[in-house]
file target23.txt (compact mmCIF, C-alpha atoms)
# COMPACT_ATOMS: atom_id res chain seq x y z
CA MET A 1 -54.49 -14.98 -8.85
CA SER A 2 -55.20 -17.69 -6.27
CA GLU A 3 -53.33 -17.88 -2.97
CA GLN A 4 -51.50 -21.02 -4.13
CA ASN A 5 -50.42 -19.46 -7.43
CA LEU A 6 -49.31 -16.32 -5.60
CA ALA A 7 -47.04 -18.41 -3.36
CA LEU A 8 -45.57 -20.11 -6.42
CA GLU A 9 -44.88 -16.84 -8.23
CA PRO A 10 -41.28 -17.10 -9.47
CA LEU A 11 -38.26 -15.08 -8.47
CA ILE A 12 -37.24 -12.89 -11.42
CA VAL A 13 -33.56 -11.96 -11.73
CA ALA A 14 -32.27 -10.21 -14.84
CA GLY A 15 -35.33 -11.36 -16.77
CA GLN A 16 -34.95 -15.04 -15.82
CA SER A 17 -37.53 -16.92 -13.75
CA TYR A 18 -36.68 -19.24 -10.85
CA GLN A 19 -39.07 -21.32 -8.77
CA SER A 20 -36.63 -21.59 -5.87
CA ARG A 21 -35.88 -18.50 -3.81
CA LEU A 22 -32.92 -20.16 -2.10
CA LEU A 23 -29.51 -19.40 -3.61
CA VAL A 24 -26.54 -21.43 -2.39
CA GLY A 25 -22.76 -21.37 -2.47
CA THR A 26 -20.25 -24.12 -3.13
CA GLY A 27 -17.48 -23.53 -0.58
CA LYS A 28 -16.50 -25.38 2.60
CA TYR A 29 -17.88 -28.81 1.73
CA LYS A 30 -15.67 -31.84 2.40
CA ASP A 31 -15.69 -32.91 -1.25
CA LEU A 32 -17.48 -32.41 -4.56
CA GLU A 33 -19.89 -35.26 -3.90
CA GLU A 34 -21.16 -33.65 -0.71
CA THR A 35 -21.41 -30.38 -2.62
CA ARG A 36 -23.57 -32.04 -5.25
CA LEU A 37 -25.87 -33.77 -2.77
CA ALA A 38 -26.37 -30.66 -0.64
CA ILE A 39 -27.19 -28.47 -3.63
CA GLU A 40 -29.67 -31.03 -4.89
CA ALA A 41 -31.33 -31.20 -1.46
CA SER A 42 -31.54 -27.40 -1.29
CA GLY A 43 -33.66 -27.21 -4.42
CA ALA A 44 -31.65 -24.14 -5.46
CA GLU A 45 -31.51 -23.15 -9.10
CA ILE A 46 -28.89 -20.40 -8.72
CA VAL A 47 -25.50 -21.57 -7.43
CA THR A 48 -22.75 -19.07 -6.68
CA VAL A 49 -19.09 -19.86 -7.30
CA ALA A 50 -16.01 -18.02 -5.99
CA ILE A 51 -13.95 -17.61 -9.15
CA ARG A 52 -10.72 -16.83 -7.28
CA ARG A 53 -11.00 -19.99 -5.16
CA THR A 54 -12.75 -22.57 -7.33
CA ASN A 55 -11.79 -24.34 -10.52
CA ILE A 56 -14.43 -24.06 -13.23
CA GLY A 57 -12.07 -24.84 -16.07
CA GLN A 58 -9.18 -22.43 -15.62
CA ASN A 59 -7.06 -25.27 -14.15
CA PRO A 60 -7.54 -28.26 -16.48
CA ASP A 61 -5.54 -30.67 -14.28
CA GLU A 62 -7.76 -30.15 -11.21
CA PRO A 63 -11.31 -31.36 -10.42
CA ASN A 64 -13.84 -29.09 -12.12
CA LEU A 65 -16.80 -27.92 -10.03
CA LEU A 66 -18.93 -27.75 -13.17
CA ASP A 67 -18.74 -31.54 -13.37
CA VAL A 68 -21.15 -31.71 -10.41
CA ILE A 69 -23.14 -28.49 -10.94
CA SER A 70 -23.75 -28.42 -14.66
CA PRO A 71 -24.61 -25.05 -16.24
CA GLU A 72 -27.30 -26.96 -18.11
CA LYS A 73 -29.09 -27.61 -14.81
CA TYR A 74 -28.16 -24.58 -12.70
CA THR A 75 -27.61 -20.90 -13.24
CA ILE A 76 -23.96 -20.42 -12.29
CA LEU A 77 -23.45 -17.15 -10.41
CA PRO A 78 -19.75 -16.21 -10.42
CA ASN A 79 -18.79 -14.12 -7.41
CA THR A 80 -15.83 -11.95 -6.48
CA ALA A 81 -15.23 -13.37 -2.99
CA GLY A 82 -11.74 -12.50 -1.81
CA CYS A 83 -11.56 -9.20 -3.70
CA TYR A 84 -10.66 -6.09 -1.71
CA ASN A 85 -10.50 -3.46 -4.45
CA VAL A 86 -12.26 -2.38 -7.61
CA GLU A 87 -9.58 -3.64 -10.00
CA ASP A 88 -9.55 -7.21 -8.65
CA ALA A 89 -13.35 -7.43 -8.58
CA VAL A 90 -13.82 -6.17 -12.13
CA ARG A 91 -11.02 -8.40 -13.44
CA THR A 92 -12.56 -11.44 -11.75
CA CYS A 93 -15.94 -10.79 -13.35
CA LYS A 94 -14.33 -10.47 -16.77
CA LEU A 95 -12.50 -13.76 -16.22
CA ALA A 96 -15.78 -15.42 -15.31
CA ARG A 97 -17.39 -14.08 -18.45
CA GLU A 98 -14.62 -15.64 -20.53
CA LEU A 99 -14.74 -18.99 -18.73
CA LEU A 100 -18.54 -19.21 -19.01
CA ASP A 101 -18.85 -18.23 -22.67
CA GLY A 102 -20.11 -14.69 -22.30
CA HIS A 103 -22.15 -15.20 -19.10
CA LYS A 104 -23.28 -11.77 -17.85
CA LEU A 105 -24.80 -12.51 -14.44
CA VAL A 106 -22.33 -11.95 -11.59
CA LYS A 107 -22.36 -11.44 -7.86
CA LEU A 108 -20.19 -8.51 -6.86
CA GLU A 109 -18.58 -8.28 -3.45
CA VAL A 110 -15.71 -5.96 -2.58
CA LEU A 111 -14.62 -6.58 1.00
CA GLY A 112 -13.30 -4.04 3.46
CA ASP A 113 -11.08 -6.19 5.68
CA GLN A 114 -10.31 -9.81 6.48
CA LYS A 115 -11.56 -9.66 10.06
CA THR A 116 -15.19 -8.63 9.52
CA LEU A 117 -15.61 -9.24 5.77
CA PHE A 118 -17.92 -6.25 5.72
CA PRO A 119 -18.28 -4.67 2.28
CA ASN A 120 -16.17 -1.68 1.32
CA ILE A 121 -19.05 0.46 0.14
CA THR A 122 -17.12 3.09 -1.80
CA GLN A 123 -15.21 0.42 -3.71
CA THR A 124 -18.41 -1.59 -4.22
CA ILE A 125 -20.25 1.37 -5.75
CA THR A 126 -17.36 2.13 -8.11
CA ALA A 127 -16.99 -1.49 -9.19
CA ALA A 128 -20.74 -1.90 -9.66
CA GLN A 129 -20.91 1.12 -11.93
CA GLN A 130 -18.02 -0.13 -14.06
CA LEU A 131 -19.57 -3.57 -14.41
CA VAL A 132 -23.03 -2.24 -15.26
CA ASP A 133 -21.48 0.05 -17.87
CA ASP A 134 -19.68 -2.99 -19.32
CA GLY A 135 -22.93 -4.90 -19.79
CA PHE A 136 -22.88 -7.16 -16.75
CA ASP A 137 -26.03 -8.07 -14.81
CA VAL A 138 -24.84 -7.28 -11.31
CA MET A 139 -26.18 -8.78 -8.11
CA VAL A 140 -24.40 -6.83 -5.39
CA TYR A 141 -23.43 -7.69 -1.79
CA THR A 142 -23.73 -4.62 0.41
CA SER A 143 -24.38 -3.35 3.91
CA ASP A 144 -27.92 -2.99 5.24
CA ASP A 145 -27.85 0.77 4.61
CA PRO A 146 -31.09 1.77 2.80
CA ILE A 147 -29.45 4.77 1.10
CA VAL A 148 -26.65 2.66 -0.35
CA ALA A 149 -29.09 -0.05 -1.42
CA LYS A 150 -31.18 2.47 -3.35
CA GLU A 151 -28.10 3.97 -5.01
CA LEU A 152 -26.99 0.52 -6.19
CA GLU A 153 -30.46 -0.17 -7.57
CA ASP A 154 -30.61 3.20 -9.34
CA MET A 155 -27.30 2.63 -11.11
CA GLY A 156 -28.68 -0.55 -12.66
CA CYS A 157 -27.87 -3.50 -10.39
CA VAL A 158 -30.36 -6.32 -11.01
CA ALA A 159 -30.50 -7.41 -7.35
CA VAL A 160 -29.33 -5.87 -4.09
CA MET A 161 -28.03 -8.25 -1.43
CA PRO A 162 -27.73 -6.74 2.05
CA LEU A 163 -26.00 -8.75 4.75
CA ALA A 164 -28.01 -10.10 7.66
CA ALA A 165 -24.85 -10.40 9.77
CA PRO A 166 -21.13 -10.89 9.02
CA ILE A 167 -20.29 -13.56 6.44
CA GLY A 168 -20.10 -17.01 8.01
CA SER A 169 -21.16 -15.77 11.45
CA GLY A 170 -24.49 -17.61 11.67
CA LEU A 171 -25.88 -14.78 13.81
CA GLY A 172 -29.10 -14.38 11.85
CA ILE A 173 -30.74 -11.08 10.93
CA ARG A 174 -29.33 -8.50 13.32
CA ASN A 175 -31.17 -5.47 11.96
CA PRO A 176 -34.56 -6.39 10.50
CA TYR A 177 -35.66 -2.75 10.60
CA ASN A 178 -33.05 -1.67 8.05
CA ILE A 179 -34.01 -4.59 5.83
CA ARG A 180 -37.62 -3.41 5.96
CA LEU A 181 -36.58 0.11 5.01
CA ILE A 182 -34.65 -1.27 2.04
CA LEU A 183 -37.67 -3.33 0.98
CA GLU A 184 -40.00 -0.33 1.12
CA GLU A 185 -38.07 1.48 -1.61
CA ALA A 186 -36.86 -1.43 -3.73
CA LYS A 187 -37.97 -2.16 -7.28
CA VAL A 188 -35.43 -4.96 -7.81
CA PRO A 189 -35.13 -8.19 -5.81
CA ILE A 190 -33.71 -7.81 -2.30
CA ILE A 191 -31.90 -11.02 -1.38
CA VAL A 192 -30.44 -11.45 2.10
CA ASP A 193 -26.80 -12.47 1.77
CA ALA A 194 -24.56 -13.56 4.67
CA GLY A 195 -25.18 -14.31 8.32
CA VAL A 196 -27.94 -16.91 8.17
CA GLY A 197 -27.28 -19.75 10.62
CA THR A 198 -30.31 -22.00 10.62
CA ALA A 199 -33.72 -22.51 9.06
CA SER A 200 -35.53 -20.03 11.30
CA ASP A 201 -33.17 -17.26 10.14
CA ALA A 202 -34.04 -17.98 6.53
CA ALA A 203 -37.75 -18.00 7.32
CA ILE A 204 -37.48 -14.63 9.08
CA ALA A 205 -35.75 -13.10 6.07
CA MET A 206 -38.56 -14.27 3.82
CA GLU A 207 -41.26 -13.18 6.27
CA LEU A 208 -39.82 -9.66 6.12
CA GLY A 209 -40.60 -9.66 2.41
CA CYS A 210 -37.21 -10.44 0.91
CA GLU A 211 -37.29 -12.03 -2.52
CA GLY A 212 -34.71 -14.65 -1.60
CA VAL A 213 -31.86 -15.77 0.63
CA LEU A 214 -28.30 -16.69 -0.33
CA MET A 215 -26.25 -18.88 1.99
CA ASN A 216 -23.23 -21.16 2.08
CA THR A 217 -21.73 -21.69 5.53
CA ALA A 218 -25.12 -22.31 7.20
CA ILE A 219 -25.42 -25.45 5.08
CA ALA A 220 -21.81 -26.49 4.54
CA ALA A 221 -20.80 -26.11 8.21
CA ALA A 222 -23.83 -27.97 9.60
CA GLN A 223 -23.21 -31.36 11.18
CA ASN A 224 -25.35 -32.83 8.40
CA PRO A 225 -25.09 -30.46 5.43
CA ILE A 226 -27.48 -32.41 3.21
CA LEU A 227 -30.21 -32.47 5.86
CA MET A 228 -29.67 -28.76 6.58
CA ALA A 229 -29.94 -27.99 2.87
CA SER A 230 -33.32 -29.71 2.85
CA ALA A 231 -34.38 -27.73 5.94
CA MET A 232 -33.37 -24.44 4.30
CA ASN A 233 -35.35 -25.36 1.20
CA LYS A 234 -38.50 -25.76 3.29
CA ALA A 235 -37.81 -22.69 5.47
CA VAL A 236 -37.47 -20.33 2.52
CA ALA A 237 -40.68 -21.66 0.98
CA ALA A 238 -42.57 -21.47 4.29
CA GLY A 239 -41.31 -17.96 5.01
CA ARG A 240 -42.46 -16.77 1.60
CA GLU A 241 -45.92 -18.24 2.11
CA ALA A 242 -46.19 -16.69 5.58
CA TYR A 243 -45.23 -13.28 4.17
CA LEU A 244 -47.86 -13.53 1.46
CA ALA A 245 -50.47 -14.80 3.94
CA GLY A 246 -49.95 -11.85 6.30
CA ARG A 247 -49.36 -12.55 9.96
CA MET A 248 -51.88 -11.79 12.69
CA PRO A 249 -51.41 -8.51 14.58
CA ARG A 250 -49.33 -8.58 17.74
CA LYS A 251 -51.25 -7.87 20.95
CA LEU A 252 -50.19 -7.13 24.48
CA TYR A 253 -52.99 -9.15 26.09
CA ALA A 254 -54.62 -12.52 25.51
CA SER A 255 -57.42 -13.10 23.05
CA ALA A 256 -59.54 -16.26 23.20
CA SER A 257 -59.11 -18.60 20.26
CA SER A 258 -62.85 -19.38 20.42
CA PRO A 259 -64.74 -16.04 20.60
CA ILE A 260 -67.64 -15.84 23.06
CA ASP A 261 -69.34 -12.77 21.53
CA GLY A 262 -73.00 -13.56 20.82
CA THR A 263 -73.18 -16.68 22.97
CA PHE A 264 -75.94 -17.14 25.59
CA PHE A 265 -73.80 -18.29 28.52

call {"tool": "encode", "arguments": {"input": "target23.txt", "output": "structure tokens"}}
result
Amino acid sequence: MSEQNLALEPLIVAGQSYQSRLLVGTGKYKDLEETRLAIEASGAEIVTVAIRRTNIGQNPDEPNLLDVISPEKYTILPNTAGCYNVEDAVRTCKLARELLDGHKLVKLEVLGDQKTLFPNITQTITAAQQLVDDGFDVMVYTSDDPIVAKELEDMGCVAVMPLAAPIGSGLGIRNPYNIRLILEEAKVPIIVDAGVGTASDAAIAMELGCEGVLMNTAIAAAQNPILMASAMNKAVAAGREAYLAGRMPRKLYASASSPIDGTFF
């Protein structure tokens, strides 16, 4: 396979192929039109939707998000944002399956508290197992603990999504070493979820070897969300290419760009 084809190799999630490795959310935009324009600029093919906070048809008298992100154009990824226990998370996924005509792909997150929005790992593991057993394709938000990530993969989750930093913090990847440890053992896509603040953060995630990056606030809270969406699109693609290219080794001392070995003077 040529270098160009290798860089264009698709992201595979639950047997489906995607050319874009950027996944985006739909919250925090000023209106549906800005949402639409930002998602288009991002180039994303997977768009995540908070079922407990967004109308996708359950409230017929309110604007429907699906009017601007059609399921015919995007893969809609229902998520359980705002759930703090197993029961609420599982119920939300079942509601999404009903609203989306049997849709099986979901993003599971079970939060621990409202201050940090860190995942409650014990509740997440229990909910993930119940959903997998019920036939869902589960993409799961988790901590950057390599042991937990492997357990979630082994139980049948189709993608594991460790946080880079707290949700909405924009702090970037705080512990790249744990992400690398997760990647070493993974046989399913590892997609960084939460904490990205700007394009360089997304590029770093991809340069580590992650299969993708999911973000919302980094785009929606930018001064120009549509321009930032475009920047994130490019950053994820560039980071993937850099990872596949293989960076030069780091050195303590200088090394001339134009070697002098073998010259006469």

call {"tool": "atom_distance", "arguments": {"input": "target23.txt", "atom1": "atom CA of Ile190 of chain A", "atom2": "atom CA of Ala220 of chain A"}}
result
23.2 Å

call {"tool": "residues_around", "arguments": {"input": "target23.txt", "residues": "segment 113-122 of chain A", "least_positions_apart": "2", "cutoff": "7 Å", "atoms": "only C-alpha atoms", "output": "short mmCIF file (atom, residue, chain, number, x, y, z; two decimals) with C-alpha atoms, keeping the file's coordinate frame"}}
result
data_model
loop_
_atom_site.label_atom_id
_atom_site.label_comp_id
_atom_site.auth_asym_id
_atom_site.auth_seq_id
_atom_site.Cartn_x
_atom_site.Cartn_y
_atom_site.Cartn_z
CA GLU A 109 -18.58 -8.28 -3.45
CA VAL A 110 -15.71 -5.96 -2.58
CA LEU A 111 -14.62 -6.58 1.00
CA THR A 124 -18.41 -1.59 -4.22
CA ILE A 125 -20.25 1.37 -5.75
CA THR A 126 -17.36 2.13 -8.11
CA THR A 142 -23.73 -4.62 0.41
CA SER A 143 -24.38 -3.35 3.91
CA PRO A 166 -21.13 -10.89 9.02
CA ILE A 167 -20.29 -13.56 6.44
#

call {"tool": "residues_around", "arguments": {"input": "target23.txt", "residues": "Ala222 of chain A", "least_positions_apart": "2", "cutoff": "12 Å", "atoms": "only C-alpha atoms", "output": "JSON, numbers by chain"}}
result
{"A": [28, 29, 30, 38, 168, 170, 196, 197, 198, 199, 216, 217, 218, 219, 220, 224, 225, 226, 227, 228, 229, 230, 231, 232]}

call {"tool": "atom_distance", "arguments": {"input": "target23.txt", "atom1": "atom CA of Met215 of chain A", "atom2": "atom CA of Thr75 of chain A"}}
result
15.4 Å

call {"tool": "atom_distance", "arguments": {"input": "target23.txt", "atom1": "atom CA of Val68 of chain A", "atom2": "atom CA of Leu37 of chain A"}}
result
9.2 Å

call {"tool": "residues_around", "arguments": {"input": "target23.txt", "residues": "Ala89 of chain A", "least_positions_apart": "5", "cutoff": "8 Å", "atoms": "all atoms listed in the file", "output": "list in words"}}
result
Thr80, Cys83, Tyr84, Leu108, Glu109, Val110 and Ala127 of chain A

call {"tool": "residues_around", "arguments": {"input": "target23.txt", "residues": "Pro10 of chain A", "least_positions_apart": "5", "cutoff": "6 Å", "atoms": "all atoms listed in the file", "output": "number ranges by chain"}}
result
A: 17-19

call {"tool": "closest_residue", "arguments": {"input": "target23.txt", "among": "A:Asp201, A:Leu65, A:Lys104, A:Leu252", "to": "Asp31 of chain A", "atoms": "only C-alpha atoms"}}
result
A:Leu65

call {"tool": "residues_near_point", "arguments": {"input": "target23.txt", "point": "(-23.7, -12.2, -8.3)", "cutoff": "12 Å", "atoms": "only C-alpha atoms", "output": "number ranges by chain"}}
result
A: 13-14, 23-25, 46-51, 75-81, 89, 92-93, 96, 103-110, 128, 131, 136-142, 157-161, 191, 193, 214

call {"tool": "closest_residue", "arguments": {"input": "target23.txt", "among": "A:Ala221, A:Asn178, A:Ala237, A:Ala41", "to": "Glu207 of chain A", "atoms": "only C-alpha atoms"}}
result
A:Ala237

call {"tool": "residues_around", "arguments": {"input": "target23.txt", "residues": "Cys210 of chain A", "least_positions_apart": "4", "cutoff": "8 Å", "atoms": "all atoms listed in the file", "output": "PDB file with C-alpha atoms, in the coordinates of the input"}}
result
ATOM      1  CA  LEU A 183     -37.670  -3.330   0.980  1.00  0.00           C
ATOM      2  CA  PRO A 189     -35.130  -8.190  -5.810  1.00  0.00           C
ATOM      3  CA  ILE A 190     -33.710  -7.810  -2.300  1.00  0.00           C
ATOM      4  CA  ILE A 191     -31.900 -11.020  -1.380  1.00  0.00           C
ATOM      5  CA  VAL A 192     -30.440 -11.450   2.100  1.00  0.00           C
ATOM      6  CA  ALA A 205     -35.750 -13.100   6.070  1.00  0.00           C
ATOM      7  CA  MET A 206     -38.560 -14.270   3.820  1.00  0.00           C
TER       8      MET A 206
END

call {"tool": "closest_residue", "arguments": {"input": "target23.txt", "among": "A:Ser169, A:Val236, A:Gly102, A:Leu208", "to": "Gly43 of chain A", "atoms": "all atoms listed in the file"}}
result
A:Val236

call {"tool": "closest_residue", "arguments": {"input": "target23.txt", "among": "A:Gly82, A:Gly57, A:Gly239, A:Gly172", "to": "Gly112 of chain A", "atoms": "only C-alpha atoms"}}
result
A:Gly82

call {"tool": "closest_residue", "arguments": {"input": "target23.txt", "among": "A:Leu99, A:Leu152, A:Ala203, A:Ile147", "to": "Ala238 of chain A", "atoms": "only C-alpha atoms"}}
result
A:Ala203

call {"tool": "closest_residue", "arguments": {"input": "target23.txt", "among": "A:Ala242, A:Met155, A:Leu32, A:Tyr177", "to": "Val132 of chain A", "atoms": "all atoms listed in the file"}}
result
A:Met155

call {"tool": "decode", "arguments": {"input": "target23.txt", "residues": "segment 147-173 of chain A", "atoms": "N, CA, C and O atoms", "output": "short mmCIF file (atom, residue, chain, number, x, y, z; two decimals), in the first residue's frame"}}
result
data_model
loop_
_atom_site.label_atom_id
_atom_site.label_comp_id
_atom_site.auth_asym_id
_atom_site.auth_seq_id
_atom_site.Cartn_x
_atom_site.Cartn_y
_atom_site.Cartn_z
N ILE A 147 -5.79 -0.40 32.30
CA ILE A 147 -6.44 -1.64 32.74
C ILE A 147 -7.94 -1.57 32.47
O ILE A 147 -8.55 -2.52 31.97
N VAL A 148 -8.54 -0.45 32.79
CA VAL A 148 -9.97 -0.26 32.55
C VAL A 148 -10.25 -0.29 31.05
O VAL A 148 -11.23 -0.91 30.59
N ALA A 149 -9.42 0.37 30.27
CA ALA A 149 -9.62 0.41 28.82
C ALA A 149 -9.62 -1.00 28.24
O ALA A 149 -10.47 -1.34 27.39
N LYS A 150 -8.69 -1.82 28.69
CA LYS A 150 -8.62 -3.19 28.18
C LYS A 150 -9.84 -4.01 28.61
O LYS A 150 -10.37 -4.82 27.84
N GLU A 151 -10.31 -3.81 29.83
CA GLU A 151 -11.49 -4.53 30.30
C GLU A 151 -12.72 -4.16 29.46
O GLU A 151 -13.52 -5.04 29.11
N LEU A 152 -12.86 -2.88 29.14
CA LEU A 152 -13.99 -2.45 28.32
C LEU A 152 -13.91 -3.04 26.91
O LEU A 152 -14.91 -3.44 26.33
N GLU A 153 -12.72 -3.09 26.37
CA GLU A 153 -12.53 -3.72 25.06
C GLU A 153 -12.89 -5.20 25.12
O GLU A 153 -13.63 -5.71 24.26
N ASP A 154 -12.39 -5.89 26.14
CA ASP A 154 -12.60 -7.34 26.24
C ASP A 154 -14.07 -7.71 26.41
O ASP A 154 -14.48 -8.81 26.00
N MET A 155 -14.87 -6.83 27.00
CA MET A 155 -16.28 -7.15 27.18
C MET A 155 -17.09 -6.93 25.90
O MET A 155 -18.26 -7.28 25.83
N GLY A 156 -16.46 -6.30 24.89
CA GLY A 156 -17.14 -6.16 23.61
C GLY A 156 -17.44 -4.76 23.14
O GLY A 156 -18.14 -4.58 22.14
N CYS A 157 -16.93 -3.73 23.81
CA CYS A 157 -17.12 -2.36 23.34
C CYS A 157 -16.41 -2.19 21.99
O CYS A 157 -15.30 -2.70 21.80
N VAL A 158 -17.03 -1.46 21.07
CA VAL A 158 -16.48 -1.33 19.72
C VAL A 158 -15.45 -0.21 19.61
O VAL A 158 -14.71 -0.15 18.62
N ALA A 159 -15.39 0.67 20.58
CA ALA A 159 -14.37 1.71 20.64
C ALA A 159 -14.23 2.16 22.08
O ALA A 159 -15.22 2.23 22.81
N VAL A 160 -13.01 2.46 22.48
CA VAL A 160 -12.74 2.94 23.83
C VAL A 160 -12.28 4.39 23.71
O VAL A 160 -11.42 4.71 22.87
N MET A 161 -12.85 5.26 24.56
CA MET A 161 -12.67 6.70 24.40
C MET A 161 -12.15 7.34 25.68
O MET A 161 -12.90 7.92 26.47
N PRO A 162 -10.84 7.25 25.91
CA PRO A 162 -10.28 7.84 27.12
C PRO A 162 -10.25 9.37 27.04
O PRO A 162 -10.07 9.93 25.96
N LEU A 163 -10.46 10.01 28.18
CA LEU A 163 -10.39 11.47 28.22
C LEU A 163 -8.95 11.94 28.10
O LEU A 163 -8.02 11.27 28.53
N ALA A 164 -8.77 13.09 27.46
CA ALA A 164 -7.47 13.75 27.44
C ALA A 164 -7.31 14.66 28.65
O ALA A 164 -6.22 14.83 29.19
N ALA A 165 -8.44 15.24 29.07
CA ALA A 165 -8.52 16.14 30.22
C ALA A 165 -10.02 16.24 30.53
O ALA A 165 -10.85 15.73 29.78
N PRO A 166 -10.40 16.90 31.62
CA PRO A 166 -11.83 17.00 31.94
C PRO A 166 -12.66 17.58 30.79
O PRO A 166 -12.19 18.44 30.04
N ILE A 167 -13.89 17.12 30.68
CA ILE A 167 -14.81 17.56 29.63
C ILE A 167 -14.92 19.09 29.63
O ILE A 167 -15.14 19.71 30.67
N GLY A 168 -14.75 19.69 28.48
CA GLY A 168 -14.91 21.13 28.33
C GLY A 168 -13.79 21.97 28.89
O GLY A 168 -13.88 23.20 28.87
N SER A 169 -12.70 21.33 29.37
CA SER A 169 -11.63 22.09 30.01
C SER A 169 -10.68 22.75 29.00
O SER A 169 -10.07 23.78 29.30
N GLY A 170 -10.51 22.16 27.83
CA GLY A 170 -9.58 22.70 26.85
C GLY A 170 -8.13 22.59 27.25
O GLY A 170 -7.27 23.29 26.69
N LEU A 171 -7.81 21.71 28.19
CA LEU A 171 -6.44 21.60 28.71
C LEU A 171 -5.52 20.77 27.82
O LEU A 171 -4.32 20.74 28.03
N GLY A 172 -6.06 20.08 26.85
CA GLY A 172 -5.23 19.23 26.00
C GLY A 172 -4.92 17.90 26.67
O GLY A 172 -5.49 17.56 27.72
N ILE A 173 -4.02 17.14 26.09
CA ILE A 173 -3.71 15.81 26.59
C ILE A 173 -2.77 15.93 27.78
O ILE A 173 -1.59 16.27 27.63
#
